[in-house]
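Structure below is start-v4.cif: mmCIF, C-alpha atoms.
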data_target
loop_
_atom_site.group_PDB
_atom_site.id
_atom_site.type_symbol
_atom_site.label_atom_id
_atom_site.label_comp_id
_atom_site.auth_asym_id
_atom_site.auth_seq_id
_atom_site.Cartn_x
_atom_site.Cartn_y
_atom_site.Cartn_z
ATOM 1 C CA MET A 1 39.673 17.768 50.994
ATOM 2 C CA GLU A 2 40.728 15.883 47.874
ATOM 3 C CA ALA A 3 43.085 12.968 48.148
ATOM 4 C CA SER A 4 46.394 13.237 46.363
ATOM 5 C CA TYR A 5 48.128 10.155 44.963
ATOM 6 C CA GLY A 6 51.751 10.025 43.938
ATOM 7 C CA ILE A 7 52.503 8.217 40.702
ATOM 8 C CA ALA A 8 56.043 6.967 40.206
ATOM 9 C CA LEU A 9 57.103 7.047 36.597
ATOM 10 C CA TYR A 10 60.703 5.950 36.050
ATOM 11 C CA GLY A 11 61.955 7.860 39.066
ATOM 12 C CA GLN A 12 59.724 10.882 38.482
ATOM 13 C CA ILE A 13 56.990 11.506 41.031
ATOM 14 C CA CYS A 14 53.800 13.137 39.821
ATOM 15 C CA TYR A 15 51.061 14.130 42.227
ATOM 16 C CA SER A 16 47.526 13.730 41.062
ATOM 17 C CA THR A 17 44.224 14.941 42.406
ATOM 18 C CA GLN A 18 40.902 13.730 41.138
ATOM 19 C CA ILE A 19 40.759 16.638 38.698
ATOM 20 C CA SER A 20 44.215 17.339 37.336
ATOM 21 C CA LEU A 21 47.710 15.965 37.102
ATOM 22 C CA SER A 22 50.689 18.078 38.099
ATOM 23 C CA CYS A 23 53.102 16.624 35.502
ATOM 24 C CA PRO A 24 52.747 15.140 32.031
ATOM 25 C CA LEU A 25 52.492 11.358 31.822
ATOM 26 C CA SER A 26 54.063 9.268 29.119
ATOM 27 C CA THR A 27 51.589 7.337 27.001
ATOM 28 C CA ASN A 28 52.959 3.818 26.714
ATOM 29 C CA GLN A 29 54.264 3.006 30.174
ATOM 30 C CA ARG A 30 52.793 1.413 33.274
ATOM 31 C CA PHE A 31 51.864 3.701 36.113
ATOM 32 C CA ILE A 32 52.599 2.581 39.648
ATOM 33 C CA LEU A 33 50.632 4.045 42.538
ATOM 34 C CA ASN A 34 52.120 4.624 46.005
ATOM 35 C CA ASN A 35 50.676 1.373 47.288
ATOM 36 C CA GLN A 36 52.528 -0.494 44.476
ATOM 37 C CA GLN A 37 49.407 -1.494 42.544
ATOM 38 C CA THR A 38 49.973 -1.599 38.814
ATOM 39 C CA ILE A 39 47.301 -0.192 36.548
ATOM 40 C CA LYS A 40 47.205 -2.580 33.598
ATOM 41 C CA HIS A 41 45.272 -2.528 30.378
ATOM 42 C CA PRO A 42 42.268 -4.836 30.107
ATOM 43 C CA VAL A 43 42.991 -8.230 28.602
ATOM 44 C CA GLY A 44 40.423 -7.510 25.898
ATOM 45 C CA MET A 45 42.532 -4.626 24.617
ATOM 46 C CA TRP A 46 45.467 -6.965 23.999
ATOM 47 C CA TYR A 47 43.277 -9.531 22.236
ATOM 48 C CA LEU A 48 41.633 -6.876 20.100
ATOM 49 C CA ALA A 49 44.921 -5.165 19.235
ATOM 50 C CA SER A 50 46.600 -8.499 18.429
ATOM 51 C CA THR A 51 43.709 -9.573 16.223
ATOM 52 C CA PHE A 52 43.773 -6.268 14.380
ATOM 53 C CA ALA A 53 47.552 -6.576 13.993
ATOM 54 C CA VAL A 54 47.097 -9.937 12.279
ATOM 55 C CA LEU A 55 44.436 -8.440 10.009
ATOM 56 C CA SER A 56 46.784 -5.531 9.308
ATOM 57 C CA PHE A 57 49.443 -8.027 8.328
ATOM 58 C CA GLY A 58 47.060 -9.480 5.743
ATOM 59 C CA PHE A 59 46.231 -5.965 4.574
ATOM 60 C CA GLY A 60 49.925 -5.164 4.200
ATOM 61 C CA VAL A 61 50.661 -8.369 2.290
ATOM 62 C CA VAL A 62 47.812 -7.784 -0.135
ATOM 63 C CA ASN A 63 48.770 -4.145 -0.605
ATOM 64 C CA SER A 64 52.457 -4.812 -1.114
ATOM 65 C CA LEU A 65 52.208 -7.887 -3.337
ATOM 66 C CA LEU A 66 49.078 -7.235 -5.381
ATOM 67 C CA VAL A 67 50.776 -5.809 -8.471
ATOM 68 C CA LEU A 68 53.449 -8.504 -8.405
ATOM 69 C CA TYR A 69 50.777 -11.208 -8.034
ATOM 70 C CA LEU A 70 48.758 -9.726 -10.888
ATOM 71 C CA THR A 71 51.664 -9.438 -13.299
ATOM 72 C CA GLN A 72 53.661 -12.575 -12.450
ATOM 73 C CA VAL A 73 51.025 -15.123 -11.458
ATOM 74 C CA LEU A 74 47.875 -14.019 -13.287
ATOM 75 C CA HIS A 75 49.752 -12.477 -16.247
ATOM 76 C CA PHE A 76 48.041 -9.092 -16.211
ATOM 77 C CA LYS A 77 49.636 -6.341 -18.269
ATOM 78 C CA PRO A 78 51.416 -3.802 -16.017
ATOM 79 C CA ALA A 79 48.981 -1.006 -16.912
ATOM 80 C CA ALA A 80 45.978 -3.176 -16.031
ATOM 81 C CA ALA A 81 47.636 -4.342 -12.813
ATOM 82 C CA TYR A 82 48.340 -0.783 -11.679
ATOM 83 C CA THR A 83 44.828 0.306 -12.617
ATOM 84 C CA LEU A 84 43.320 -2.491 -10.539
ATOM 85 C CA PHE A 85 45.720 -1.679 -7.685
ATOM 86 C CA ALA A 86 44.719 2.004 -7.789
ATOM 87 C CA ALA A 87 41.004 1.201 -7.826
ATOM 88 C CA PHE A 88 41.443 -1.303 -4.995
ATOM 89 C CA ASN A 89 43.328 1.191 -2.821
ATOM 90 C CA SER A 90 40.921 4.025 -3.507
ATOM 91 C CA PHE A 91 38.035 1.871 -2.328
ATOM 92 C CA LEU A 92 40.035 0.663 0.673
ATOM 93 C CA TYR A 93 40.436 4.212 1.912
ATOM 94 C CA ILE A 94 36.986 5.586 1.061
ATOM 95 C CA LEU A 95 34.801 2.681 2.278
ATOM 96 C CA PRO A 96 35.573 3.131 6.011
ATOM 97 C CA LEU A 97 33.648 6.408 5.867
ATOM 98 C CA TYR A 98 30.487 4.494 5.016
ATOM 99 C CA SER A 99 31.174 1.400 7.069
ATOM 100 C CA GLY A 100 31.571 3.523 10.186
ATOM 101 C CA ARG A 101 27.918 4.402 9.796
ATOM 102 C CA LEU A 102 27.031 0.719 9.362
ATOM 103 C CA SER A 103 28.972 -0.059 12.523
ATOM 104 C CA ASP A 104 26.895 2.524 14.368
ATOM 105 C CA TRP A 105 23.703 0.814 13.292
ATOM 106 C CA PHE A 106 24.650 -2.839 13.767
ATOM 107 C CA GLY A 107 27.077 -2.559 16.663
ATOM 108 C CA TYR A 108 30.834 -2.232 16.703
ATOM 109 C CA ARG A 109 31.559 -5.701 17.995
ATOM 110 C CA ALA A 110 29.379 -7.357 15.366
ATOM 111 C CA ALA A 111 30.914 -5.195 12.634
ATOM 112 C CA PHE A 112 34.420 -6.098 13.749
ATOM 113 C CA ILE A 113 33.671 -9.832 13.883
ATOM 114 C CA VAL A 114 31.876 -9.861 10.513
ATOM 115 C CA GLY A 115 34.671 -7.821 8.940
ATOM 116 C CA MET A 116 37.308 -10.111 10.411
ATOM 117 C CA VAL A 117 35.623 -13.256 9.077
ATOM 118 C CA MET A 118 35.078 -11.652 5.669
ATOM 119 C CA GLU A 119 38.736 -10.615 5.520
ATOM 120 C CA ILE A 120 39.921 -14.129 6.334
ATOM 121 C CA VAL A 121 37.667 -15.591 3.625
ATOM 122 C CA ALA A 122 38.862 -12.916 1.183
ATOM 123 C CA LEU A 123 42.501 -13.749 1.918
ATOM 124 C CA TYR A 124 41.735 -17.407 1.254
ATOM 125 C CA PHE A 125 40.136 -16.513 -2.083
ATOM 126 C CA LEU A 126 43.189 -14.448 -2.999
ATOM 127 C CA THR A 127 45.451 -17.481 -2.570
ATOM 128 C CA VAL A 128 43.715 -19.307 -5.432
ATOM 129 C CA PRO A 129 45.498 -18.343 -8.684
ATOM 130 C CA ASN A 130 42.379 -17.619 -10.701
ATOM 131 C CA ARG A 131 41.047 -14.293 -12.006
ATOM 132 C CA TYR A 132 37.513 -14.916 -10.771
ATOM 133 C CA MET A 133 38.736 -15.799 -7.289
ATOM 134 C CA LEU A 134 40.926 -12.685 -7.389
ATOM 135 C CA TYR A 135 37.969 -10.447 -8.134
ATOM 136 C CA LEU A 136 35.842 -12.193 -5.520
ATOM 137 C CA GLY A 137 38.642 -11.935 -2.947
ATOM 138 C CA LEU A 138 39.233 -8.242 -3.624
ATOM 139 C CA ALA A 139 35.493 -7.556 -3.585
ATOM 140 C CA LEU A 140 35.240 -9.205 -0.153
ATOM 141 C CA PHE A 141 38.462 -7.725 1.187
ATOM 142 C CA MET A 142 37.495 -4.078 0.633
ATOM 143 C CA PRO A 143 34.302 -3.989 2.738
ATOM 144 C CA ALA A 144 35.869 -6.346 5.284
ATOM 145 C CA ALA A 145 38.810 -4.042 5.924
ATOM 146 C CA ALA A 146 36.439 -1.094 5.909
ATOM 147 C CA LEU A 147 34.229 -2.718 8.567
ATOM 148 C CA CYS A 148 37.129 -3.678 10.824
ATOM 149 C CA SER A 149 38.968 -0.367 10.945
ATOM 150 C CA PRO A 150 36.364 2.031 12.398
ATOM 151 C CA ALA A 151 34.918 -0.636 14.671
ATOM 152 C CA PHE A 152 38.369 -1.425 16.069
ATOM 153 C CA TYR A 153 39.125 2.160 17.051
ATOM 154 C CA VAL A 154 35.727 2.633 18.651
ATOM 155 C CA LEU A 155 36.023 -0.636 20.589
ATOM 156 C CA ILE A 156 39.431 0.383 21.950
ATOM 157 C CA GLY A 157 38.037 3.767 22.954
ATOM 158 C CA LYS A 158 34.988 2.243 24.655
ATOM 159 C CA MET A 159 37.155 0.083 26.912
ATOM 160 C CA TYR A 160 38.230 3.172 28.849
ATOM 161 C CA LYS A 161 36.520 6.156 30.390
ATOM 162 C CA LYS A 162 37.270 9.517 28.792
ATOM 163 C CA ASN A 163 39.553 10.637 31.625
ATOM 164 C CA ASP A 164 41.351 7.298 32.088
ATOM 165 C CA ILE A 165 45.129 7.738 31.939
ATOM 166 C CA ARG A 166 45.489 4.393 30.127
ATOM 167 C CA ARG A 167 43.296 5.358 27.164
ATOM 168 C CA GLU A 168 45.950 7.199 25.178
ATOM 169 C CA SER A 169 48.519 4.491 25.827
ATOM 170 C CA ALA A 170 46.034 1.846 24.611
ATOM 171 C CA PHE A 171 45.744 3.630 21.271
ATOM 172 C CA THR A 172 49.518 4.040 21.113
ATOM 173 C CA LEU A 173 50.126 0.357 21.832
ATOM 174 C CA SER A 174 47.550 -0.754 19.282
ATOM 175 C CA TYR A 175 49.081 1.557 16.643
ATOM 176 C CA MET A 176 52.504 0.157 17.470
ATOM 177 C CA LEU A 177 51.286 -3.421 16.996
ATOM 178 C CA MET A 178 49.514 -2.490 13.790
ATOM 179 C CA ASN A 179 52.563 -0.699 12.351
ATOM 180 C CA LEU A 180 54.828 -3.556 13.365
ATOM 181 C CA SER A 181 52.617 -5.977 11.454
ATOM 182 C CA TYR A 182 52.680 -3.643 8.427
ATOM 183 C CA LEU A 183 56.454 -3.548 8.638
ATOM 184 C CA VAL A 184 56.681 -7.341 8.712
ATOM 185 C CA ALA A 185 54.214 -7.577 5.807
ATOM 186 C CA PHE A 186 56.189 -5.210 3.589
#
Written as structure tokens, how would this file's structure read?
Amino acid sequence: MEASYGIALYGQICYSTQISLSCPLSTNQRFILNNQQTIKHPVGMWYLASTFAVLSFGFGVVNSLLVLYLTQVLHFKPAAAYTLFAAFNSFLYILPLYSGRLSDWFGYRAAFIVGMVMEIVALYFLTVPNRYMLYLGLALFMPAAALCSPAFYVLIGKMYKKNDIRRESAFTLSYMLMNLSYLVAF
């Protein structure tokens, strides 16, 4: 006979067996078992999501202010600034396809750490008002962001088993933190 556990979710009781759940569960809330134990996310998920949120903030700042920085500080012509912005963004969104493969080979944790360090160095280079430092910073920023993104999602997914009820909420919480940092950056 399978054991059945009641899960209280904001006044709603759901009964769960080891195989299926008898009611849908919300994704970003804590689940409380009958014996009042709280199922929390691992601490590593919060550190990883917070770190990626900070990196996303840098990504958002660079993306939102690049044309303004190019035209006002480095005195690029608007056409050249928009061309560089378009090339930069096209590489930002195509490189994660290839860096996901690199992350498979070298390990997701190593890829995330290397990408994070490269992104921090690239952001430092971008603060120096010089064309050469700009090109160096953008050249470092693109593969760094590309290394961090796929590795981050895989690391979050690997923290939970496939049938863990917290897995979906972990992705939702990390997306919320990431989008909040984008919002602050823009």
Q: Would you write out, as a VMD selection string, every residue that the PyMOL selection byres ((chain A and resi 119) around 12) captures in this file?
A: chain A and resid 51 to 52 54 to 59 62 111 to 118 120 to 126 136 to 149
Q. Between A:Met45, A:Val184, A:Met178, A:Leu70, which one has atoms that come closest to Tyr135 in chain A, using all atoms listed in the file?
A.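 When distances to Tyr135 in chain A are compared using all atoms listed in the file, the smallest one comes from A:Leu70.
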Q. From the list A:Phe186, A:Trp105, A:Phe76, A:Tyr153, which residue is nearest Phe171 in chain A when using all atoms listed in the file?
A.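 With all atoms listed in the file as the atom set, the closest residue is A:Tyr153.
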May I have the centre and edge lengths, in Å to one decimal, of an axis-aligned box around the listed atoms of range 133-142 of chain A with 3 Å added to every side, as AutoDock Vina command-line options?
--center_x 38.1 --center_y -9.9 --center_z -3.5 --size_x 11.7 --size_y 17.7 --size_z 15.3
Q.
I'd like the residues picked by the PyMOL selection byres ((chain A and resi 155) around 9) written out as a PyMOL selection string, using the chain letters and numbers from the file.
A. chain A and resi 45+48+108-109+112+150-154+156-159
Requested write-out: C-alpha atoms of the selected residues, as a tab-separated table (two decimals), in the frame of the given file:
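Produced file part-v1.tsv, reproduced below:
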chain	number	residue	atom	x	y	z
A	45	MET	CA	42.53	-4.63	24.62
A	48	LEU	CA	41.63	-6.88	20.10
A	108	TYR	CA	30.83	-2.23	16.70
A	109	ARG	CA	31.56	-5.70	18.00
A	112	PHE	CA	34.42	-6.10	13.75
A	150	PRO	CA	36.36	2.03	12.40
A	151	ALA	CA	34.92	-0.64	14.67
A	152	PHE	CA	38.37	-1.42	16.07
A	153	TYR	CA	39.12	2.16	17.05
A	154	VAL	CA	35.73	2.63	18.65
A	156	ILE	CA	39.43	0.38	21.95
A	157	GLY	CA	38.04	3.77	22.95
A	158	LYS	CA	34.99	2.24	24.66
A	159	MET	CA	37.16	0.08	26.91
Q) To one decimal place, how far is CA of Val67 in chain A from CA of Leu84 in chain A in Å? A)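 Atom-to-atom, CA of Val67 in chain A to CA of Leu84 in chain A, that is 8.4 Å.
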Q: Provide the CA of Tyr132 in chain A to CA of Tyr93 in chain A distance in Å, to one decimal place.
A: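 Between CA of Tyr132 in chain A and CA of Tyr93 in chain A the gap works out to 23.1 Å.
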Q: Mind giving me the straight-line distance from CA of Ile165 in chain A to CA of Ile39 in chain A in Å, one decimal?
A: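 For CA of Ile165 in chain A relative to CA of Ile39 in chain A, the distance reads 9.4 Å.
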Q: Write out as a list in words each polymer residue whose atoms come within 8 Å of Ser174 in chain A, counting all atoms listed in the file; drop sequence neighbours fewer than 6 positions from it.
A: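 Result of the neighbour search: Ala49, Ser50 and Ala53 of chain A.
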Q. Which of these, A:Met133, A:Ala170, A:Leu183, A:Met176, has the shortest distance to His41 in chain A once you count only C-alpha atoms?
A.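 Going through A:Met133, A:Ala170, A:Leu183, A:Met176 one by one, the smallest distance to His41 in chain A is for A:Ala170.
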Q | Shortest interatomic distance to Asn89 in chain A - which of A:Leu66, A:Leu74, A:Val43, A:Leu177, counting all atoms listed in the file | A |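 The answer is A:Leu66, which sits nearest to Asn89 in chain A.
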